[in-house]
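Scroll down for the structure; my scribbles are underneath it.
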Amino acid sequence: MTNIILTTPEELRAIVSETVSQSLAGFTQPRNEPDNLTPDVAVEVLKRHGFLISKARLYKLTAKKEVPFRKYGNKLLFSRKELLTWAENLTKRVNDKDEAALAIAKSANRKIRNYGK
């Protein structure tokens, strides 16, 4: 038989908050991982955080100086923190359903026009 637990809304909020905090703690940067990333590792870090990008695209963005990077001799290095901040700043939040529908419609129209060419 399943036990039923009665609780107040405040206690429930505290329990949920604590559980979520513990779950999210696993998503923070592990202390033993370095902040400086090679291009291969930078692509993997971005993918793990939901930002899909190819290594070739990352190189193109560095050539245009559109992504934060450093050079050490002839090697490219990326700061984990700066890279994730950069990627997060590129995302656009769509709060309104009308805005989302309009964006989808514009994208579909663009694809239809480009398909005919």
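Residues are referred to by chain and number: the chain letter is A, B, ... according to the order shown in the structure tokens, the number counts from 1 in that chain, and ligands are numbered separately from 1 in the order shown.
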
- [ ] From a DSSP calculation on the backbone, collect every residue of segment 38-97 of chain A in strand (DSSP E or B) and output the set as number ranges by chain.
- [x] A: 70-72, 75-79

TODO: Pull the alpha helix (DSSP H) assignments for chain A out of DSSP run on the backbone, and list those residues as a PyMOL selection string.
DONE: chain A and resi 9-25+39-48+55-63+80-90+97-115

Open item on the list: Let me make sure I understand: among A:Val20, A:Leu52, A:Leu102, A:Leu83, which one has the smallest atom-to-atom distance to Val67 of chain A if we use only C-alpha atoms?
Closed with: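 Ranked by minimum distance to Val67 of chain A, first place goes to A:Leu83.
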
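Residues in contact range of segment 43-49 of chain A, defined as at most 8 Å between only C-alpha atoms, with sequence neighbours fewer than 2 positions away removed, read Pro39, Asp40, Val41, Phe51, Leu52, Ile53, Ser54, Lys55, Leu58, Arg80, Leu83, Leu84 and Ala87 of chain A.
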
Open item on the list: Give me the residues near segment 69-71 of chain A as a list in words, where near means some atom within 10 Å (using only C-alpha atoms) and where sequence neighbours in that chain fewer than 5 positions away do not count.
Closed with: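 Listed by chain and then number, they are Asn36, Leu37, Thr38, Pro39, Leu61, Thr62, Leu76, Leu77, Phe78, Ser79, Arg80, Glu82 and Leu83 of chain A.
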
Those same residues, written as a PDB file, in the first residue's frame with N, CA and C atoms?
```pdb
ATOM      1  N   ASN A  36      39.825  26.669 -20.067  1.00  0.00           N
ATOM      2  CA  ASN A  36      40.291  26.793 -21.446  1.00  0.00           C
ATOM      3  C   ASN A  36      39.975  25.528 -22.228  1.00  0.00           C
ATOM      4  N   LEU A  37      39.363  25.715 -23.401  1.00  0.00           N
ATOM      5  CA  LEU A  37      38.929  24.583 -24.212  1.00  0.00           C
ATOM      6  C   LEU A  37      39.549  24.644 -25.597  1.00  0.00           C
ATOM      7  N   THR A  38      39.886  23.486 -26.129  1.00  0.00           N
ATOM      8  CA  THR A  38      40.311  23.401 -27.519  1.00  0.00           C
ATOM      9  C   THR A  38      39.045  23.466 -28.381  1.00  0.00           C
ATOM     10  N   PRO A  39      39.172  23.695 -29.687  1.00  0.00           N
ATOM     11  CA  PRO A  39      37.972  23.739 -30.532  1.00  0.00           C
ATOM     12  C   PRO A  39      37.115  22.474 -30.449  1.00  0.00           C
ATOM     13  N   LEU A  61      33.327  31.361 -37.314  1.00  0.00           N
ATOM     14  CA  LEU A  61      32.965  32.425 -36.377  1.00  0.00           C
ATOM     15  C   LEU A  61      34.207  33.049 -35.739  1.00  0.00           C
ATOM     16  N   THR A  62      35.248  32.259 -35.515  1.00  0.00           N
ATOM     17  CA  THR A  62      36.480  32.837 -34.967  1.00  0.00           C
ATOM     18  C   THR A  62      37.164  33.702 -36.008  1.00  0.00           C
ATOM     19  N   LEU A  76      44.067  27.776 -30.952  1.00  0.00           N
ATOM     20  CA  LEU A  76      42.865  28.490 -30.523  1.00  0.00           C
ATOM     21  C   LEU A  76      42.404  27.924 -29.189  1.00  0.00           C
ATOM     22  N   LEU A  77      42.035  28.811 -28.285  1.00  0.00           N
ATOM     23  CA  LEU A  77      41.474  28.402 -27.000  1.00  0.00           C
ATOM     24  C   LEU A  77      40.188  29.177 -26.758  1.00  0.00           C
ATOM     25  N   PHE A  78      39.236  28.528 -26.121  1.00  0.00           N
ATOM     26  CA  PHE A  78      37.959  29.145 -25.792  1.00  0.00           C
ATOM     27  C   PHE A  78      37.736  29.030 -24.300  1.00  0.00           C
ATOM     28  N   SER A  79      37.226  30.084 -23.701  1.00  0.00           N
ATOM     29  CA  SER A  79      36.858  30.046 -22.293  1.00  0.00           C
ATOM     30  C   SER A  79      35.471  29.420 -22.195  1.00  0.00           C
ATOM     31  N   ARG A  80      35.340  28.396 -21.373  1.00  0.00           N
ATOM     32  CA  ARG A  80      34.055  27.719 -21.194  1.00  0.00           C
ATOM     33  C   ARG A  80      32.971  28.731 -20.794  1.00  0.00           C
ATOM     34  N   GLU A  82      32.914  32.094 -21.096  1.00  0.00           N
ATOM     35  CA  GLU A  82      32.625  33.088 -22.138  1.00  0.00           C
ATOM     36  C   GLU A  82      31.859  32.473 -23.296  1.00  0.00           C
ATOM     37  N   LEU A  83      32.208  31.244 -23.653  1.00  0.00           N
ATOM     38  CA  LEU A  83      31.555  30.570 -24.765  1.00  0.00           C
ATOM     39  C   LEU A  83      30.082  30.303 -24.473  1.00  0.00           C
TER      40      LEU A  83
END
```

Open item on the list: Report, in Å to a single decimal, how far apart atom CA of Trp86 of chain A and atom CA of Gly73 of chain A are.
Closed with: 23.5 Å

- [ ] Just give me the gap between atom CA of Thr7 of chain A and atom CA of Ser23 of chain A in Å, one decimal is fine.
- [x]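 About the pair atom CA of Thr7 of chain A and atom CA of Ser23 of chain A: they are 21.9 Å apart.
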
Task: For atom CA of Tyr59 of chain A and atom CA of Lys75 of chain A, the interatomic separation in Å (one decimal) - done: 11.8 Å

Task: Residue among A:Ala42, A:Ala103, A:Ala56, A:Ile4 lying closest to Pro68 of chain A, counting only C-alpha atoms - done: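 Answer, going by the shortest atom-to-atom distance: A:Ala42.
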